[in-house]
Amino acid sequence: MIKAVRGFKDVLPEESIYWQFLEEKTKNLLKAFGFRELRIPVLEKLELFDRGIGSTTDIVEKEMYTFKDKGGELVAMRPEATASIARAYIEHALHLKDPLGKYFFIGPMFRYERPQAGRLRQFNQINIEVFGAKSPSLDAEIIALLHYISCDIGIEDGVTLEINHIGCKKCRPLYREILMNYLNLSKENLCDDCKRRLERNPLRILDCKKQNCKNISLNAPKIIDYLCEECKTYFDAVVDYLGVYKVPHIINPMIVRGLDYYTGIVFELITTELGAQGAVAAGGRYDHLVEELGGPRVAGIGFAIGEERAVEMIKKRKKLDLPSPFFFFALLGEEAKRRCIPIATDLRKSGIYTELEHEEKSLKSQMRKANKLKAKYAVIVGEDELRRGIAIVRDMKEKKQFEVSLKLESFLSLCQGGAE
Ligand code: HAM
């Protein structure tokens, strides 16, 4: 038997309905906030992520699916969407069309991480990105949008919105020096990864999950105490607007994010319900990304929701069932089938979930099937019913039968007040 590749997962119908719930609820809200869908490809030139996400990040250093295609081009399967959406924004000169570009994209990302509960090699994200503006009220609005989504999907009781500000090109280098000096004192106790990070990307050490590194980070200088005046004022204004948007949140100075494009506000939606993989969503501001990828000087902010993790949380709170047929046509004989196919087709075209039996089966077996599918009505048609121009309709729950004339209208009127 050939099994799926490790870290790659099927989503079966019973689970798919939770994904549909998540995506439909989110899309409704996104529409109301003026977001439009921008679809990006799975493959990009490797260079995009190297430059966009940063060559010293874990993602680029060790987690990307990269290969040379048959033409010799070095490509990568997208490990995230922000760099790709920025690339599309530049390539199609969208800044000319949409001075404030608000885009969303839902799809799979690929990272060669060690698979575990809540961590896959192919995982799915709902990405939300805004290009072309920078303002504390906009930042608060985007963070609020994440909060409102968590409310609409019903997980707000299990998550905390944590925010931080990681400084700008002016104040971050200074903080980096101070942090590096502090971490150097405990260098010997850092894990091997963090020892390497010390020179190249010391902020990432604050995000390390190893206990020793965590202990060291706990007392590290906090970036929030080293922000320049401009960043400090901006951060305070965002926090203030979060009050206006009525978004419960906490400030967590340990949030640094694992991608290099972030500047300023960063945030994560955290839960304790999913074991080690606590981030359900994450994002922040990336004001230099578009320019660094060769585009115009355009600010940006966004976030991504990890769908697997959001779905896990929804499943803990909500029971969703696969839809059941409104009608199950239990048919006896060729002639009954021919008479009922057009009726069933018209019902289906009207959006009414209808099943009909294609195989020659006994009435008993067809009724068992109707029962198993939890059909509301079984419609029984055999030679006798055909002769009389009627169908026997059985209400499967009430266990009552009645006759209707064998016409579309009879079935449509049964749907009124109950059909989905
Ligand atoms: P990220 O923190 O790398 O950010 O990923 C965002 C979310 O994707 C995580 O919080 C988590 O829920 C989910 N996720 C990440 N890796 C995995 C995995 N291996 N398995 C399952 N779920 C995972 C980004 O990707 C940024 N592009 C977000 C962003 C958009 N920032 C600005 N705009």
# chains A, B, ... in the order shown; residues from 1 in each chain; ligands from 1

call {"tool": "residues_around", "arguments": {"residues": "Lys364 (chain A)", "least_positions_apart": "6", "cutoff": "12 Å", "atoms": "only C-alpha atoms", "output": "list of chain:residue names"}}
result
A:Ala330, A:Leu331, A:Leu332, A:Ala370, A:Asn371, A:Ala378, A:Ile380

call {"tool": "residues_around", "arguments": {"residues": "Val280 (chain A)", "least_positions_apart": "5", "cutoff": "9 Å", "atoms": "only C-alpha atoms", "output": "PyMOL selection string"}}
result
chain A and resi 159+268-271+304-310

call {"tool": "select_by_dssp", "arguments": {"residues": "region 8-247 of chain A", "states": "helix (DSSP H, G or I)", "output": "PyMOL selection string"}}
result
chain A and resi 13-32+46-52+58-63+82-91+94-97+136-152+156-158+172-185+187-189+192-200+202-207+211-218+223-226+229-244

call {"tool": "select_by_dssp", "arguments": {"residues": "region 267-316 of chain A", "states": "strand (DSSP E)", "output": "PyMOL selection string"}}
result
chain A and resi 267-270+279-285+300-306

call {"tool": "residues_near_ligand", "arguments": {"ligand": "ligand 1", "cutoff": "8 Å", "atoms": "only C-alpha atoms and all ligand atoms", "output": "number ranges by chain"}}
result
A: 79-83, 110-113, 115, 118-125, 127-129, 257-259, 262, 268-269, 277-286, 301-310

call {"tool": "atom_distance", "arguments": {"atom1": "CA of Gly295 (chain A)", "atom2": "CA of Leu46 (chain A)"}}
result
17.7 Å

call {"tool": "closest_residue", "arguments": {"among": "A:Phe35, A:Phe105, A:Tyr353, A:Phe8", "to": "Glu23 (chain A)", "atoms": "only C-alpha atoms"}}
result
A:Phe105

call {"tool": "closest_residue", "arguments": {"among": "A:Ala144, A:Ile250, A:Val379, A:Met1", "to": "Ser405 (chain A)", "atoms": "only C-alpha atoms"}}
result
A:Val379

call {"tool": "atom_distance", "arguments": {"atom1": "CA of Gly132 (chain A)", "atom2": "CA of Asn201 (chain A)"}}
result
28.0 Å

call {"tool": "atom_distance", "arguments": {"atom1": "CA of Phe33 (chain A)", "atom2": "CA of Ile17 (chain A)"}}
result
24.3 Å

call {"tool": "closest_atom_pairs", "arguments": {"of": "region 284-317 of chain A", "to": "region 53-72 of chain A", "cutoff": "12 Å", "atoms": "only C-alpha atoms", "output": "Markdown table"}}
result
| residue | atom | partner | partner_atom | distance |
| --- | --- | --- | --- | --- |
| A:Tyr286 | CA | A:Ile53 | CA | 10.5 |
| A:His288 | CA | A:Ile53 | CA | 11.5 |
| A:Leu289 | CA | A:Ile53 | CA | 8.8 |
| A:Val290 | CA | A:Ile53 | CA | 11.7 |
| A:Glu292 | CA | A:Ile53 | CA | 10.6 |
| A:Leu293 | CA | A:Ile53 | CA | 10.4 |

call {"tool": "closest_residue", "arguments": {"among": "A:Gly34, A:Pro173, A:Gly264, A:Pro323", "to": "Tyr103 (chain A)", "atoms": "only C-alpha atoms"}}
result
A:Gly34

call {"tool": "residues_around", "arguments": {"residues": "region 206-213 of chain A", "least_positions_apart": "3", "cutoff": "9 Å", "atoms": "only C-alpha atoms", "output": "ChimeraX atom specification"}}
result
/A:189-191,193-194,202-203,216-218,220,254-258,276

call {"tool": "write_last_selection", "arguments": {"atoms": "C-alpha atoms", "output": "PDB file, in the first residue's frame"}}
result
ATOM      1  CA  ASN A 189      24.423  27.550  28.242  1.00  0.00           C
ATOM      2  CA  LEU A 190      22.662  28.283  24.963  1.00  0.00           C
ATOM      3  CA  CYS A 191      21.637  25.422  22.688  1.00  0.00           C
ATOM      4  CA  ASP A 193      21.178  26.521  17.296  1.00  0.00           C
ATOM      5  CA  CYS A 194      21.176  29.599  19.507  1.00  0.00           C
ATOM      6  CA  PRO A 202      20.254  37.136  18.198  1.00  0.00           C
ATOM      7  CA  LEU A 203      16.605  38.255  18.461  1.00  0.00           C
ATOM      8  CA  ILE A 216      18.310  32.957  29.808  1.00  0.00           C
ATOM      9  CA  SER A 217      15.844  34.929  27.683  1.00  0.00           C
ATOM     10  CA  LEU A 218      13.571  35.565  30.631  1.00  0.00           C
ATOM     11  CA  ALA A 220      17.175  39.540  28.816  1.00  0.00           C
ATOM     12  CA  MET A 254       9.235  38.153  24.071  1.00  0.00           C
ATOM     13  CA  ILE A 255       7.507  38.024  20.683  1.00  0.00           C
ATOM     14  CA  VAL A 256      10.151  38.474  17.987  1.00  0.00           C
ATOM     15  CA  ARG A 257       8.816  36.421  15.025  1.00  0.00           C
ATOM     16  CA  GLY A 258      10.869  34.070  12.898  1.00  0.00           C
ATOM     17  CA  ALA A 276       3.842  22.723  22.037  1.00  0.00           C
TER      18      ALA A 276
END

call {"tool": "closest_residue", "arguments": {"among": "A:His358, A:Ile166, A:Pro99, A:Glu409", "to": "Arg338 (chain A)", "atoms": "only C-alpha atoms"}}
result
A:His358

call {"tool": "closest_atom_pairs", "arguments": {"of": "region 90-169 of chain A", "to": "region 233-249 of chain A", "cutoff": "9 Å", "atoms": "only C-alpha atoms", "output": "Markdown table"}}
result
| residue | atom | partner | partner_atom | distance |
| --- | --- | --- | --- | --- |
| A:Ser135 | CA | A:Tyr234 | CA | 8.2 |
| A:Pro136 | CA | A:Val238 | CA | 4.6 |
| A:Ser137 | CA | A:Tyr241 | CA | 5.8 |
| A:Leu138 | CA | A:Val238 | CA | 8.4 |
| A:Asp139 | CA | A:Val238 | CA | 6.5 |
| A:Ala140 | CA | A:Leu242 | CA | 5.3 |
| A:Glu141 | CA | A:Tyr245 | CA | 7.1 |
| A:Ile143 | CA | A:Leu242 | CA | 7.9 |
| A:Ala144 | CA | A:Val247 | CA | 5.9 |
| A:His147 | CA | A:Val247 | CA | 6.6 |
| A:Tyr148 | CA | A:Val247 | CA | 8.5 |
| A:Thr160 | CA | A:His249 | CA | 6.5 |
| A:Leu161 | CA | A:His249 | CA | 4.8 |
| A:Glu162 | CA | A:His249 | CA | 5.7 |
| A:Ile163 | CA | A:His249 | CA | 7.2 |
| A:Asn164 | CA | A:Phe235 | CA | 8.2 |
| A:His165 | CA | A:Phe235 | CA | 6.6 |

call {"tool": "residues_around", "arguments": {"residues": "region 386-392 of chain A", "least_positions_apart": "6", "cutoff": "10 Å", "atoms": "only C-alpha atoms", "output": "list in words"}}
result
Phe329, Ala330, Glu335, Ala336, Arg339, Cys340, Tyr377, Ala378, Val379, Ile380, Gln401, Phe402, Glu403, Val404, Ser405, Leu406, Lys407, Ser410 and Phe411 of chain A

call {"tool": "write_last_selection", "arguments": {"atoms": "N, CA, C and O atoms", "output": "PDB file, in the first residue's frame"}}
result
ATOM      1  N   PHE A 329     -34.369   8.672  -3.209  1.00  0.00           N
ATOM      2  CA  PHE A 329     -35.288   7.982  -4.117  1.00  0.00           C
ATOM      3  C   PHE A 329     -34.970   6.488  -4.114  1.00  0.00           C
ATOM      4  O   PHE A 329     -33.922   6.071  -4.625  1.00  0.00           O
ATOM      5  N   ALA A 330     -35.871   5.711  -3.505  1.00  0.00           N
ATOM      6  CA  ALA A 330     -35.731   4.244  -3.498  1.00  0.00           C
ATOM      7  C   ALA A 330     -36.554   3.728  -4.672  1.00  0.00           C
ATOM      8  O   ALA A 330     -37.786   3.834  -4.679  1.00  0.00           O
ATOM      9  N   GLU A 335     -38.167   1.421 -15.217  1.00  0.00           N
ATOM     10  CA  GLU A 335     -39.114   2.475 -15.574  1.00  0.00           C
ATOM     11  C   GLU A 335     -39.186   3.545 -14.468  1.00  0.00           C
ATOM     12  O   GLU A 335     -39.221   4.748 -14.747  1.00  0.00           O
ATOM     13  N   ALA A 336     -39.176   3.076 -13.210  1.00  0.00           N
ATOM     14  CA  ALA A 336     -39.225   4.019 -12.077  1.00  0.00           C
ATOM     15  C   ALA A 336     -37.994   4.931 -12.111  1.00  0.00           C
ATOM     16  O   ALA A 336     -38.077   6.137 -11.883  1.00  0.00           O
ATOM     17  N   ARG A 339     -38.402   7.595 -14.788  1.00  0.00           N
ATOM     18  CA  ARG A 339     -39.381   8.633 -14.421  1.00  0.00           C
ATOM     19  C   ARG A 339     -38.812   9.568 -13.346  1.00  0.00           C
ATOM     20  O   ARG A 339     -39.115  10.761 -13.329  1.00  0.00           O
ATOM     21  N   CYS A 340     -38.001   9.002 -12.457  1.00  0.00           N
ATOM     22  CA  CYS A 340     -37.575   9.795 -11.288  1.00  0.00           C
ATOM     23  C   CYS A 340     -36.283  10.583 -11.511  1.00  0.00           C
ATOM     24  O   CYS A 340     -36.053  11.580 -10.825  1.00  0.00           O
ATOM     25  N   TYR A 377     -36.632  12.278   3.873  1.00  0.00           N
ATOM     26  CA  TYR A 377     -37.714  11.515   3.248  1.00  0.00           C
ATOM     27  C   TYR A 377     -37.158  10.438   2.321  1.00  0.00           C
ATOM     28  O   TYR A 377     -36.245  10.717   1.533  1.00  0.00           O
ATOM     29  N   ALA A 378     -37.706   9.247   2.398  1.00  0.00           N
ATOM     30  CA  ALA A 378     -37.446   8.252   1.355  1.00  0.00           C
ATOM     31  C   ALA A 378     -38.623   8.331   0.389  1.00  0.00           C
ATOM     32  O   ALA A 378     -39.775   8.420   0.819  1.00  0.00           O
ATOM     33  N   VAL A 379     -38.307   8.348  -0.897  1.00  0.00           N
ATOM     34  CA  VAL A 379     -39.370   8.411  -1.915  1.00  0.00           C
ATOM     35  C   VAL A 379     -39.387   7.053  -2.613  1.00  0.00           C
ATOM     36  O   VAL A 379     -38.408   6.689  -3.263  1.00  0.00           O
ATOM     37  N   ILE A 380     -40.474   6.319  -2.426  1.00  0.00           N
ATOM     38  CA  ILE A 380     -40.514   4.950  -2.950  1.00  0.00           C
ATOM     39  C   ILE A 380     -41.370   4.914  -4.223  1.00  0.00           C
ATOM     40  O   ILE A 380     -42.535   5.365  -4.208  1.00  0.00           O
ATOM     41  N   GLN A 401     -45.870   7.308   6.590  1.00  0.00           N
ATOM     42  CA  GLN A 401     -45.877   7.323   5.123  1.00  0.00           C
ATOM     43  C   GLN A 401     -47.100   8.027   4.599  1.00  0.00           C
ATOM     44  O   GLN A 401     -48.151   7.984   5.210  1.00  0.00           O
ATOM     45  N   PHE A 402     -46.934   8.643   3.432  1.00  0.00           N
ATOM     46  CA  PHE A 402     -48.085   9.248   2.756  1.00  0.00           C
ATOM     47  C   PHE A 402     -47.807   9.229   1.265  1.00  0.00           C
ATOM     48  O   PHE A 402     -46.675   8.966   0.841  1.00  0.00           O
ATOM     49  N   GLU A 403     -48.855   9.520   0.504  1.00  0.00           N
ATOM     50  CA  GLU A 403     -48.698   9.498  -0.951  1.00  0.00           C
ATOM     51  C   GLU A 403     -48.694  10.919  -1.497  1.00  0.00           C
ATOM     52  O   GLU A 403     -49.404  11.781  -0.980  1.00  0.00           O
ATOM     53  N   VAL A 404     -47.889  11.136  -2.526  1.00  0.00           N
ATOM     54  CA  VAL A 404     -47.948  12.422  -3.248  1.00  0.00           C
ATOM     55  C   VAL A 404     -47.981  12.094  -4.737  1.00  0.00           C
ATOM     56  O   VAL A 404     -47.580  11.002  -5.140  1.00  0.00           O
ATOM     57  N   SER A 405     -48.467  13.053  -5.549  1.00  0.00           N
ATOM     58  CA  SER A 405     -48.458  12.750  -6.974  1.00  0.00           C
ATOM     59  C   SER A 405     -47.025  12.879  -7.492  1.00  0.00           C
ATOM     60  O   SER A 405     -46.241  13.693  -6.993  1.00  0.00           O
ATOM     61  N   LEU A 406     -46.696  12.071  -8.472  1.00  0.00           N
ATOM     62  CA  LEU A 406     -45.308  11.959  -8.930  1.00  0.00           C
ATOM     63  C   LEU A 406     -44.951  13.137  -9.837  1.00  0.00           C
ATOM     64  O   LEU A 406     -44.803  13.007 -11.054  1.00  0.00           O
ATOM     65  N   LYS A 407     -44.836  14.320  -9.191  1.00  0.00           N
ATOM     66  CA  LYS A 407     -44.523  15.551  -9.930  1.00  0.00           C
ATOM     67  C   LYS A 407     -43.509  16.351  -9.123  1.00  0.00           C
ATOM     68  O   LYS A 407     -43.536  16.302  -7.877  1.00  0.00           O
ATOM     69  N   SER A 410     -44.810  18.417  -6.109  1.00  0.00           N
ATOM     70  CA  SER A 410     -45.118  17.759  -4.826  1.00  0.00           C
ATOM     71  C   SER A 410     -43.896  17.770  -3.924  1.00  0.00           C
ATOM     72  O   SER A 410     -43.985  18.007  -2.720  1.00  0.00           O
ATOM     73  N   PHE A 411     -42.721  17.531  -4.544  1.00  0.00           N
ATOM     74  CA  PHE A 411     -41.503  17.441  -3.733  1.00  0.00           C
ATOM     75  C   PHE A 411     -41.032  18.821  -3.306  1.00  0.00           C
ATOM     76  O   PHE A 411     -40.563  19.011  -2.194  1.00  0.00           O
TER      77      PHE A 411
END
